[in-house]
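File shown: upload39.tsv. Contents: TSV, C-alpha atoms.
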```
chain	number	residue	atom	x	y	z
M	1287	MET	CA	67.20	51.08	135.96
M	1288	LEU	CA	68.90	51.03	132.59
M	1289	SER	CA	66.30	53.38	131.13
M	1290	ALA	CA	66.71	55.72	134.10
M	1291	VAL	CA	70.46	55.85	133.50
M	1292	PHE	CA	69.80	56.42	129.82
M	1293	LEU	CA	67.36	59.25	130.56
M	1294	CYS	CA	69.80	60.84	132.96
M	1295	ALA	CA	72.68	60.66	130.46
M	1296	SER	CA	70.42	62.03	127.78
M	1297	ALA	CA	69.37	64.98	129.95
M	1298	LEU	CA	73.02	65.66	130.77
M	1299	LEU	CA	73.89	65.62	127.08
M	1300	SER	CA	71.14	68.04	126.23
M	1301	ALA	CA	72.27	70.41	128.97
M	1302	GLN	CA	75.86	70.36	127.79
M	1303	THR	CA	75.45	70.38	124.04
M	1304	ILE	CA	73.11	72.34	121.82
M	1305	GLN	CA	72.62	71.04	118.30
M	1306	LEU	CA	72.07	74.17	116.23
M	1307	PRO	CA	69.66	74.21	113.27
M	1308	THR	CA	71.35	74.01	109.86
M	1309	PRO	CA	72.61	77.50	108.97
M	1310	LEU	CA	71.16	79.30	105.95
M	1311	ARG	CA	74.02	79.81	103.52
M	1312	THR	CA	72.19	82.03	101.09
M	1313	GLY	CA	70.25	85.29	101.23
M	1314	GLY	CA	70.63	88.40	103.33
M	1315	LYS	CA	71.05	92.00	102.18
M	1316	PRO	CA	73.15	92.76	99.09
M	1317	LEU	CA	76.78	93.05	100.20
M	1318	MET	CA	77.21	96.76	99.40
M	1319	ASP	CA	74.00	97.57	101.30
M	1320	ALA	CA	75.31	95.61	104.31
M	1321	LEU	CA	78.61	97.53	104.12
M	1322	ASN	CA	76.69	100.79	103.91
M	1323	LEU	CA	74.78	99.86	107.10
M	1324	ARG	CA	77.81	98.55	109.03
M	1325	GLN	CA	78.22	100.31	112.35
M	1326	SER	CA	79.06	99.79	116.02
M	1327	ALA	CA	76.23	99.95	118.56
M	1328	ARG	CA	76.52	100.13	122.33
M	1329	GLU	CA	72.82	100.12	123.27
M	1330	PHE	CA	70.88	96.88	123.16
M	1331	ASP	CA	67.34	95.64	123.81
M	1332	SER	CA	68.04	93.42	126.82
M	1333	ALA	CA	64.56	91.86	126.66
M	1334	LYS	CA	64.89	90.41	123.15
M	1335	SER	CA	66.71	87.11	122.79
M	1336	ILE	CA	68.40	85.63	119.73
M	1337	SER	CA	66.84	82.48	118.25
M	1338	ASN	CA	68.93	79.36	117.72
M	1339	GLN	CA	68.40	79.69	113.96
M	1340	THR	CA	69.81	83.23	113.98
M	1341	LEU	CA	72.66	82.13	116.24
M	1342	SER	CA	73.47	79.27	113.88
M	1343	ASN	CA	73.44	81.62	110.87
M	1344	LEU	CA	75.57	84.17	112.73
M	1345	LEU	CA	78.23	81.68	113.83
M	1346	TRP	CA	78.39	80.11	110.38
M	1347	ALA	CA	78.77	83.59	108.81
M	1348	ALA	CA	81.50	84.37	111.33
M	1349	TRP	CA	83.64	81.26	111.15
M	1350	GLY	CA	81.72	78.35	109.63
M	1351	PHE	CA	82.86	75.93	106.96
M	1352	ASN	CA	81.94	77.09	103.45
M	1353	ARG	CA	83.99	74.26	101.89
M	1354	GLU	CA	84.93	70.83	103.24
M	1355	LYS	CA	87.90	72.09	105.27
M	1356	LYS	CA	87.88	75.82	104.64
M	1357	ARG	CA	85.96	78.60	106.29
M	1358	THR	CA	84.20	81.91	105.73
M	1359	ALA	CA	87.29	83.78	106.99
M	1360	PRO	CA	90.95	83.16	106.17
M	1361	SER	CA	93.66	82.31	108.72
M	1362	SER	CA	97.43	82.56	108.40
M	1363	MET	CA	98.77	79.37	106.82
M	1364	ASP	CA	95.27	77.89	107.20
M	1365	ARG	CA	95.94	77.13	110.87
M	1366	GLN	CA	92.36	77.88	111.94
M	1367	GLU	CA	93.58	78.59	115.46
M	1368	ILE	CA	90.58	80.62	116.62
M	1369	ASP	CA	87.70	79.19	118.62
M	1370	LEU	CA	84.56	81.21	119.18
M	1371	TYR	CA	82.77	80.98	122.53
M	1372	ALA	CA	79.18	82.12	123.05
M	1373	VAL	CA	78.56	83.67	126.47
M	1374	THR	CA	74.82	83.73	127.21
M	1375	LYS	CA	72.53	83.90	130.23
M	1376	GLU	CA	72.63	80.09	130.39
M	1377	GLY	CA	76.35	79.47	130.17
M	1378	ILE	CA	79.52	79.57	128.12
M	1379	TYR	CA	79.64	77.42	124.97
M	1380	ARG	CA	82.35	76.61	122.44
M	1381	TYR	CA	81.17	76.74	118.82
M	1382	ASP	CA	81.93	73.42	117.13
M	1383	ALA	CA	81.71	74.59	113.52
M	1384	ALA	CA	82.26	71.15	111.98
M	1385	ASN	CA	79.25	69.69	113.78
M	1386	ASN	CA	77.24	72.90	114.12
M	1387	LYS	CA	76.98	72.47	117.87
M	1388	LEU	CA	77.49	74.57	120.96
M	1389	ILE	CA	79.45	72.62	123.57
M	1390	GLN	CA	78.79	73.87	127.08
M	1391	ILE	CA	82.02	74.70	128.92
M	1392	VAL	CA	80.48	76.31	131.99
M	1393	ALA	CA	76.86	76.52	133.18
M	1394	GLY	CA	75.57	79.77	134.62
M	1395	ASP	CA	75.46	83.46	133.79
M	1396	TYR	CA	78.95	84.87	133.27
M	1397	ARG	CA	78.04	87.61	130.82
M	1398	LYS	CA	79.38	90.32	133.15
M	1399	GLU	CA	82.79	88.64	133.09
M	1400	SER	CA	83.00	88.88	129.29
M	1401	GLY	CA	84.02	92.55	129.30
M	1402	THR	CA	84.41	95.75	131.27
M	1403	GLN	CA	81.59	97.59	129.49
M	1404	PRO	CA	78.36	98.18	131.47
M	1405	TYR	CA	76.08	96.58	128.85
M	1406	VAL	CA	77.77	93.17	128.57
M	1407	GLY	CA	75.84	91.68	131.51
M	1408	GLU	CA	72.44	92.53	129.99
M	1409	VAL	CA	72.79	91.48	126.35
M	1410	PRO	CA	71.68	88.14	124.87
M	1411	LEU	CA	75.09	87.27	123.42
M	1412	ASN	CA	78.76	87.97	123.89
M	1413	ILE	CA	81.17	86.16	121.60
M	1414	VAL	CA	84.70	85.61	122.88
M	1415	PHE	CA	87.55	84.95	120.43
M	1416	VAL	CA	90.18	82.51	121.71
M	1417	CYS	CA	93.46	81.68	119.97
M	1418	ASN	CA	94.87	78.18	120.43
M	1419	LYS	CA	98.52	79.18	120.49
M	1420	SER	CA	99.78	75.65	119.89
M	1421	LYS	CA	98.22	75.73	116.40
M	1422	ILE	CA	100.34	78.73	115.40
M	1423	ASN	CA	103.91	77.63	114.89
M	1424	SER	CA	105.26	81.16	114.78
M	1425	LYS	CA	108.95	81.96	114.99
M	1426	SER	CA	108.21	84.75	117.43
M	1427	GLU	CA	105.61	85.84	119.96
M	1428	SER	CA	105.12	89.06	117.97
M	1429	GLY	CA	104.46	87.05	114.79
M	1430	LEU	CA	101.85	85.03	116.65
M	1431	ILE	CA	100.14	88.17	117.98
M	1432	GLU	CA	100.11	89.85	114.57
M	1433	ALA	CA	98.65	86.76	112.90
M	1434	THR	CA	95.99	85.91	115.44
M	1435	TYR	CA	94.73	89.48	115.85
M	1436	ALA	CA	94.42	89.84	112.07
M	1437	ASN	CA	92.63	86.47	111.96
M	1438	SER	CA	90.29	87.60	114.74
M	1439	GLY	CA	89.59	90.77	112.76
M	1440	PHE	CA	88.50	88.83	109.67
M	1441	ILE	CA	85.95	86.90	111.73
M	1442	ALA	CA	84.72	89.95	113.65
M	1443	GLN	CA	84.00	91.80	110.40
M	1444	ASN	CA	81.86	88.86	109.22
M	1445	ILE	CA	79.82	89.28	112.41
M	1446	TYR	CA	79.51	93.03	111.78
M	1447	LEU	CA	78.17	92.46	108.28
M	1448	PHE	CA	75.82	89.67	109.36
M	1449	CYS	CA	74.39	92.01	112.02
M	1450	ALA	CA	74.06	94.86	109.48
M	1451	SER	CA	72.19	92.50	107.17
M	1452	GLU	CA	69.89	91.09	109.88
M	1453	GLY	CA	69.08	94.29	111.78
M	1454	LEU	CA	71.12	93.21	114.81
M	1455	ALA	CA	73.28	95.55	116.88
M	1456	THR	CA	76.93	94.69	117.54
M	1457	VAL	CA	80.24	96.08	118.76
M	1458	VAL	CA	83.69	94.51	118.86
M	1459	ARG	CA	85.47	94.98	122.17
M	1460	ALA	CA	89.10	94.89	123.28
M	1461	SER	CA	88.57	95.99	126.87
M	1462	ILE	CA	88.35	92.67	128.72
M	1463	ASP	CA	89.81	91.48	132.03
M	1464	LYS	CA	91.43	88.58	130.23
M	1465	ALA	CA	92.91	86.86	133.27
M	1466	LYS	CA	89.55	86.84	135.04
M	1467	LEU	CA	87.61	85.68	131.99
M	1468	ALA	CA	90.17	82.96	131.16
M	1469	LYS	CA	89.70	81.59	134.69
M	1470	VAL	CA	85.90	81.56	134.38
M	1471	MET	CA	86.22	79.82	130.99
M	1472	ASN	CA	88.73	77.26	132.34
M	1473	LEU	CA	91.20	78.17	129.59
M	1474	THR	CA	94.69	76.70	129.57
M	1475	ASP	CA	97.93	78.70	129.30
M	1476	ASP	CA	97.94	77.77	125.65
M	1477	GLN	CA	94.71	79.68	125.01
M	1478	LEU	CA	94.75	83.43	124.46
M	1479	ILE	CA	91.67	85.65	124.45
M	1480	THR	CA	92.02	88.18	121.60
M	1481	LEU	CA	88.72	90.05	121.21
M	1482	ALA	CA	85.08	89.89	122.25
M	1483	GLN	CA	81.99	91.02	120.40
M	1484	THR	CA	78.56	91.83	121.79
M	1485	VAL	CA	75.44	91.03	119.75
M	1486	GLY	CA	71.81	91.85	120.44
M	1487	TYR	CA	68.81	93.64	119.04
M	1488	PRO	CA	68.99	97.43	118.89
M	1489	LYS	CA	67.45	99.41	121.73
M	1490	LYS	CA	64.14	100.86	120.63
W	158	MET	CA	104.63	130.65	78.07
W	159	LEU	CA	102.06	130.92	80.83
W	160	SER	CA	99.76	128.43	79.11
W	161	ALA	CA	102.71	126.03	78.64
W	162	VAL	CA	103.39	126.18	82.38
W	163	PHE	CA	99.71	125.68	83.07
W	164	LEU	CA	99.52	122.68	80.73
W	165	CYS	CA	102.60	121.19	82.31
W	166	ALA	CA	101.23	121.65	85.85
W	167	SER	CA	97.92	120.20	84.78
W	168	ALA	CA	99.60	117.13	83.26
W	169	LEU	CA	101.61	116.70	86.44
W	170	LEU	CA	98.46	116.90	88.54
W	171	SER	CA	96.69	114.32	86.44
W	172	ALA	CA	99.69	112.00	86.72
W	173	GLN	CA	99.77	112.31	90.48
W	174	THR	CA	96.12	112.18	91.41
W	175	ILE	CA	93.34	109.97	90.10
W	176	GLN	CA	89.81	111.10	90.81
W	177	LEU	CA	87.88	107.84	91.16
W	178	PRO	CA	84.28	107.52	89.95
W	179	THR	CA	81.66	107.67	92.71
W	180	PRO	CA	81.47	104.23	94.35
W	181	LEU	CA	78.28	102.21	94.14
W	182	ARG	CA	77.02	101.78	97.69
W	183	THR	CA	74.23	99.35	96.93
W	184	GLY	CA	73.92	95.97	95.21
W	185	GLY	CA	76.21	92.98	94.97
W	186	LYS	CA	75.52	89.37	95.92
W	187	PRO	CA	73.40	88.61	99.01
W	188	LEU	CA	75.72	88.61	102.03
W	189	MET	CA	75.37	84.91	102.88
W	190	ASP	CA	76.08	83.97	99.25
W	191	ALA	CA	79.23	86.14	99.33
W	192	LEU	CA	80.31	84.44	102.57
W	193	ASN	CA	79.67	81.06	100.99
W	194	LEU	CA	81.95	82.01	98.06
W	195	ARG	CA	84.70	83.61	100.15
W	196	GLN	CA	88.07	82.03	99.46
W	197	SER	CA	91.76	82.75	98.94
W	198	ALA	CA	93.17	82.51	95.41
W	199	ARG	CA	96.82	82.53	94.36
W	200	GLU	CA	96.40	82.34	90.58
W	201	PHE	CA	95.42	85.45	88.65
W	202	ASP	CA	94.71	86.48	85.06
W	203	SER	CA	97.64	88.87	84.55
W	204	ALA	CA	96.17	90.21	81.28
W	205	LYS	CA	92.91	91.49	82.77
W	206	SER	CA	92.99	94.88	84.44
W	207	ILE	CA	90.61	96.34	87.03
W	208	SER	CA	88.49	99.32	85.94
W	209	ASN	CA	88.53	102.53	87.94
W	210	GLN	CA	84.85	102.00	88.78
W	211	THR	CA	85.57	98.56	90.24
W	212	LEU	CA	88.60	99.95	92.08
W	213	SER	CA	86.48	102.74	93.53
W	214	ASN	CA	83.80	100.27	94.66
W	215	LEU	CA	86.45	97.95	96.13
W	216	LEU	CA	88.24	100.66	98.12
W	217	TRP	CA	84.97	102.06	99.40
W	218	ALA	CA	83.86	98.56	100.46
W	219	ALA	CA	87.21	98.07	102.17
W	220	TRP	CA	87.58	101.31	104.08
W	221	GLY	CA	85.32	104.00	102.69
W	222	PHE	CA	83.05	106.37	104.58
W	223	ASN	CA	79.52	105.00	105.00
W	224	ARG	CA	78.57	107.88	107.34
W	225	GLU	CA	79.95	111.42	107.60
W	226	LYS	CA	82.94	110.46	109.71
W	227	LYS	CA	82.58	106.71	110.09
W	228	ARG	CA	83.66	103.88	107.85
W	229	THR	CA	82.74	100.43	106.54
W	230	ALA	CA	85.11	98.83	109.08
W	231	PRO	CA	85.57	99.66	112.76
W	232	SER	CA	88.84	100.78	114.36
W	233	SER	CA	89.86	100.78	118.00
W	234	MET	CA	88.64	103.98	119.68
W	235	ASP	CA	87.70	105.25	116.20
W	236	ARG	CA	91.32	106.21	115.51
W	237	GLN	CA	91.12	105.29	111.82
W	238	GLU	CA	94.88	104.83	111.76
W	239	ILE	CA	95.06	102.65	108.65
W	240	ASP	CA	95.85	103.97	105.18
W	241	LEU	CA	95.41	101.77	102.14
W	242	TYR	CA	97.91	102.04	99.28
W	243	ALA	CA	97.23	100.69	95.80
W	244	VAL	CA	100.32	99.27	94.09
W	245	THR	CA	99.72	98.99	90.33
W	246	LYS	CA	101.78	98.82	87.15
W	247	GLU	CA	101.72	102.61	87.01
W	248	GLY	CA	102.73	103.48	90.54
W	249	ILE	CA	101.92	103.48	94.24
W	250	TYR	CA	98.89	105.50	95.34
W	251	ARG	CA	97.40	106.36	98.72
W	252	TYR	CA	93.62	106.00	98.90
W	253	ASP	CA	92.08	109.28	100.03
W	254	ALA	CA	88.70	107.94	101.15
W	255	ALA	CA	87.22	111.33	102.05
W	256	ASN	CA	87.78	112.68	98.53
W	257	ASN	CA	87.59	109.36	96.66
W	258	LYS	CA	91.00	109.93	95.11
W	259	LEU	CA	94.20	108.01	94.60
W	260	ILE	CA	97.20	110.19	95.43
W	261	GLN	CA	100.34	109.04	93.66
W	262	ILE	CA	103.23	108.53	96.06
W	263	VAL	CA	105.69	106.96	93.62
W	264	ALA	CA	105.56	106.58	89.83
W	265	GLY	CA	106.68	103.30	88.27
W	266	ASP	CA	106.09	99.59	88.61
W	267	TYR	CA	106.90	98.40	92.13
W	268	ARG	CA	104.46	95.50	92.26
W	269	LYS	CA	107.29	93.00	92.85
W	270	GLU	CA	108.30	94.89	95.97
W	271	SER	CA	104.83	94.48	97.49
W	272	GLY	CA	105.43	90.89	98.60
W	273	THR	CA	107.62	87.82	98.44
W	274	GLN	CA	105.11	85.72	96.49
W	275	PRO	CA	105.85	85.02	92.81
W	276	TYR	CA	102.51	86.33	91.52
W	277	VAL	CA	102.63	89.83	93.04
W	278	GLY	CA	104.61	91.32	90.14
W	279	GLU	CA	102.05	90.19	87.54
W	280	VAL	CA	98.71	91.10	89.08
W	281	PRO	CA	96.74	94.29	88.41
W	282	LEU	CA	96.50	95.31	92.07
W	283	ASN	CA	98.25	94.88	95.38
W	284	ILE	CA	96.82	96.73	98.36
W	285	VAL	CA	99.21	97.58	101.18
W	286	PHE	CA	97.86	98.31	104.68
W	287	VAL	CA	99.81	100.96	106.58
W	288	CYS	CA	99.27	101.93	110.22
W	289	ASN	CA	99.97	105.53	111.22
W	290	LYS	CA	101.35	104.78	114.66
W	291	SER	CA	100.99	108.36	115.88
W	292	LYS	CA	97.20	108.01	115.64
W	293	ILE	CA	97.17	105.11	118.12
W	294	ASN	CA	97.87	106.42	121.58
W	295	SER	CA	98.45	102.97	123.04
W	296	LYS	CA	99.95	102.42	126.46
W	297	SER	CA	102.19	99.71	125.05
W	298	GLU	CA	103.74	98.57	121.78
W	299	SER	CA	101.92	95.22	122.15
W	300	GLY	CA	98.60	97.04	122.56
W	301	LEU	CA	99.29	98.98	119.38
W	302	ILE	CA	100.14	95.80	117.45
W	303	GLU	CA	97.03	93.96	118.69
W	304	ALA	CA	94.77	96.88	117.77
W	305	THR	CA	96.17	97.67	114.36
W	306	TYR	CA	96.35	94.05	113.19
W	307	ALA	CA	92.73	93.51	114.25
W	308	ASN	CA	91.79	96.75	112.46
W	309	SER	CA	93.66	95.59	109.34
W	310	GLY	CA	91.77	92.29	109.52
W	311	PHE	CA	88.36	94.02	109.51
W	312	ILE	CA	89.29	95.86	106.31
W	313	ALA	CA	90.85	92.83	104.62
W	314	GLN	CA	87.69	90.80	105.16
W	315	ASN	CA	85.66	93.53	103.45
W	316	ILE	CA	87.95	93.13	100.43
W	317	TYR	CA	87.50	89.34	100.52
W	318	LEU	CA	83.72	89.65	100.48
W	319	PHE	CA	83.74	92.33	97.77
W	320	CYS	CA	85.88	90.03	95.61
W	321	ALA	CA	83.60	87.04	96.33
W	322	SER	CA	80.62	89.16	95.29
W	323	GLU	CA	82.27	90.54	92.11
W	324	GLY	CA	83.97	87.39	90.83
W	325	LEU	CA	87.45	88.73	91.63
W	326	ALA	CA	90.29	86.63	93.05
W	327	THR	CA	92.11	87.75	96.19
W	328	VAL	CA	94.49	86.65	98.91
W	329	VAL	CA	95.67	88.44	102.04
W	330	ARG	CA	99.42	88.25	102.59
W	331	ALA	CA	101.70	88.62	105.58
W	332	SER	CA	104.96	87.66	103.86
W	333	ILE	CA	106.40	91.05	102.88
W	334	ASP	CA	109.91	92.46	103.03
W	335	LYS	CA	108.59	95.37	105.06
W	336	ALA	CA	111.85	97.32	105.30
W	337	LYS	CA	112.35	97.20	101.54
W	338	LEU	CA	108.74	98.09	100.73
W	339	ALA	CA	108.68	100.93	103.29
W	340	LYS	CA	111.73	102.43	101.54
W	341	VAL	CA	110.11	102.19	98.10
W	342	MET	CA	106.96	103.81	99.51
W	343	ASN	CA	108.92	106.56	101.29
W	344	LEU	CA	107.25	105.70	104.59
W	345	THR	CA	108.34	107.39	107.80
W	346	ASP	CA	109.35	105.62	111.01
W	347	ASP	CA	105.88	106.37	112.24
W	348	GLN	CA	104.27	104.24	109.53
W	349	LEU	CA	104.02	100.47	109.93
W	350	ILE	CA	103.08	98.05	107.15
W	351	THR	CA	100.73	95.42	108.59
W	352	LEU	CA	99.33	93.33	105.72
W	353	ALA	CA	99.02	93.31	101.95
W	354	GLN	CA	96.30	91.89	99.75
W	355	THR	CA	96.46	90.93	96.09
W	356	VAL	CA	93.43	91.42	93.84
W	357	GLY	CA	92.87	90.39	90.25
W	358	TYR	CA	90.63	88.35	88.00
W	359	PRO	CA	90.81	84.58	88.43
W	360	LYS	CA	93.07	82.63	86.08
W	361	LYS	CA	90.95	80.92	83.41
```
Go ahead and render the structure in this file as structure tokens.
Amino acid sequence: MLSAVFLCASALLSAQTIQLPTPLRTGGKPLMDALNLRQSAREFDSAKSISNQTLSNLLWAAWGFNREKKRTAPSSMDRQEIDLYAVTKEGIYRYDAANNKLIQIVAGDYRKESGTQPYVGEVPLNIVFVCNKSKINSKSESGLIEATYANSGFIAQNIYLFCASEGLATVVRASIDKAKLAKVMNLTDDQLITLAQTVGYPKK
Amino acid sequence: MLSAVFLCASALLSAQTIQLPTPLRTGGKPLMDALNLRQSAREFDSAKSISNQTLSNLLWAAWGFNREKKRTAPSSMDRQEIDLYAVTKEGIYRYDAANNKLIQIVAGDYRKESGTQPYVGEVPLNIVFVCNKSKINSKSESGLIEATYANSGFIAQNIYLFCASEGLATVVRASIDKAKLAKVMNLTDDQLITLAQTVGYPKK
């Protein structure tokens, strides 16, 4: 009985949390070459999935820790208010950068809800940028918006350059039904969706 | 007399416009290494200047053309509404990416006016990000702010990674007396300062 409970809990854990492989923190194309290749793509190979190793590298490049408490992108006053969510065929996951894990928030395929563009439902990965407003102690709503959109931009550009280096296709997207997506993601009023970014392999 | 006029006009032209050397569009540290080194620095070697070749490479990395009409960073609906200005000891210059030139807007040392931080007056380079609001045909002021701060963030992260790759020190800054700086730069009501970024060599 005890072992059955243990097995059940273990299966539950594995469904809800994905331990990502350790990200590679070296290598890739020379920076200027990656910048030279940087572009937006809106056609993806829907049949080709992204491996967990590539996903781990991508999320670390985007917003991982490159020092004990600091990250690959800056944030205003070091508030680190952005969370990245991975929306895949299997579910919606929050990237836990400190532990290199994906924490499942919702099970099921909600890719279509991650944007208004026709391709979002077919691609292996949509990344949704969410600001935790309580972490930004801004004097004004406009100050908060300015800061968190700039901070989202820093991270999104890391994803662009990672994709340029790895031969992946990507596009950052602002056209999102935010109210609908926030509901699907069970976000609180304190959480604000800023941007989304689609990643996949280029259409052949 | 005619040759004196010609010489005078020529000297004026050379004072106002700097033709930058062709930027290097290849090389640099591997991308993941640059991401691993990415950090903000607030101490600079005030004695060490930045060469025109490095400046050309930096501005191209930030917001240069990597295709005929497209750039190293994305912008919402491809509106390319951001202009970068270089604030140096000699003056304030607008980066003309298409022609790889710096167009002098103001002569003189206005580095102190580029931010509220104590170091800005001593560093070789402050870059000021300016949105041309007329290029963004947004339905709302908040939509414009969201878009142009995200777009500024993409560019700023390119500068961070270029500096990480080249051993330069940099920090992006939001604390700017924007009204004062806009006056010094002779900006119109249609131009909005979003961010600034300081670049120099690290303090030994």
### Task
Restrict the distance test to all atoms listed in the file, flag each residue of chain W within 8 Å of chain M, and return the flagged residues as a ChimeraX atom specification.
/W:181-197,218,223,228-231,233,302-304,306-315,318-319,322,331
Create the file for the chosen residues now, containing C-alpha atoms and written as a PDB file, keeping the file's coordinate frame.
```
ATOM      1  CA  LEU W 181      78.280 102.210  94.140  1.00  0.00           C
ATOM      2  CA  ARG W 182      77.020 101.780  97.690  1.00  0.00           C
ATOM      3  CA  THR W 183      74.230  99.350  96.930  1.00  0.00           C
ATOM      4  CA  GLY W 184      73.920  95.970  95.210  1.00  0.00           C
ATOM      5  CA  GLY W 185      76.210  92.980  94.970  1.00  0.00           C
ATOM      6  CA  LYS W 186      75.520  89.370  95.920  1.00  0.00           C
ATOM      7  CA  PRO W 187      73.400  88.610  99.010  1.00  0.00           C
ATOM      8  CA  LEU W 188      75.720  88.610 102.030  1.00  0.00           C
ATOM      9  CA  MET W 189      75.370  84.910 102.880  1.00  0.00           C
ATOM     10  CA  ASP W 190      76.080  83.970  99.250  1.00  0.00           C
ATOM     11  CA  ALA W 191      79.230  86.140  99.330  1.00  0.00           C
ATOM     12  CA  LEU W 192      80.310  84.440 102.570  1.00  0.00           C
ATOM     13  CA  ASN W 193      79.670  81.060 100.990  1.00  0.00           C
ATOM     14  CA  LEU W 194      81.950  82.010  98.060  1.00  0.00           C
ATOM     15  CA  ARG W 195      84.700  83.610 100.150  1.00  0.00           C
ATOM     16  CA  GLN W 196      88.070  82.030  99.460  1.00  0.00           C
ATOM     17  CA  SER W 197      91.760  82.750  98.940  1.00  0.00           C
ATOM     18  CA  ALA W 218      83.860  98.560 100.460  1.00  0.00           C
ATOM     19  CA  ASN W 223      79.520 105.000 105.000  1.00  0.00           C
ATOM     20  CA  ARG W 228      83.660 103.880 107.850  1.00  0.00           C
ATOM     21  CA  THR W 229      82.740 100.430 106.540  1.00  0.00           C
ATOM     22  CA  ALA W 230      85.110  98.830 109.080  1.00  0.00           C
ATOM     23  CA  PRO W 231      85.570  99.660 112.760  1.00  0.00           C
ATOM     24  CA  SER W 233      89.860 100.780 118.000  1.00  0.00           C
ATOM     25  CA  ILE W 302     100.140  95.800 117.450  1.00  0.00           C
ATOM     26  CA  GLU W 303      97.030  93.960 118.690  1.00  0.00           C
ATOM     27  CA  ALA W 304      94.770  96.880 117.770  1.00  0.00           C
ATOM     28  CA  TYR W 306      96.350  94.050 113.190  1.00  0.00           C
ATOM     29  CA  ALA W 307      92.730  93.510 114.250  1.00  0.00           C
ATOM     30  CA  ASN W 308      91.790  96.750 112.460  1.00  0.00           C
ATOM     31  CA  SER W 309      93.660  95.590 109.340  1.00  0.00           C
ATOM     32  CA  GLY W 310      91.770  92.290 109.520  1.00  0.00           C
ATOM     33  CA  PHE W 311      88.360  94.020 109.510  1.00  0.00           C
ATOM     34  CA  ILE W 312      89.290  95.860 106.310  1.00  0.00           C
ATOM     35  CA  ALA W 313      90.850  92.830 104.620  1.00  0.00           C
ATOM     36  CA  GLN W 314      87.690  90.800 105.160  1.00  0.00           C
ATOM     37  CA  ASN W 315      85.660  93.530 103.450  1.00  0.00           C
ATOM     38  CA  LEU W 318      83.720  89.650 100.480  1.00  0.00           C
ATOM     39  CA  PHE W 319      83.740  92.330  97.770  1.00  0.00           C
ATOM     40  CA  SER W 322      80.620  89.160  95.290  1.00  0.00           C
ATOM     41  CA  ALA W 331     101.700  88.620 105.580  1.00  0.00           C
TER      42      ALA W 331
END
```
### Query
CA of Leu1370 (chain M) and CA of Leu1467 (chain M) are how many Å apart?
13.9 Å
### Task
Give as an NGL selection string every residue, naming chains and numbers as the document does, that has an atom within 8 Å of (80.7, 81.4, 127.0), counting all atoms listed in the file.
:M and (1371-1374 or 1377-1380 or 1390-1392 or 1396-1397 or 1412-1414 or 1471)
### Summary
What separates CA of Thr355 (chain W) and CA of Tyr252 (chain W) is a distance of 15.6 Å
### Task
Grab the CA of Pro275 (chain W) to CA of Ser208 (chain W) distance for me, in Å with one decimal place.
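Answer for the CA of Pro275 (chain W) to CA of Ser208 (chain W) separation: 23.5 Å.
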### Query
Which residue gives the smallest distance to Ala336 (chain W) among W:Ala254, W:Gln348, W:Ser213, W:Lys290, with only C-alpha atoms counted?
W:Gln348
### Query
Do you know which residues are at most 10 Å from Lys226 (chain W) counting all atoms listed in the file, after dropping those on the same chain fewer than 6 positions away, and could you put them as a list in words?
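Once the nearby chain positions are removed, what remains is Asp235, Gln237 and Ala255 of chain W.
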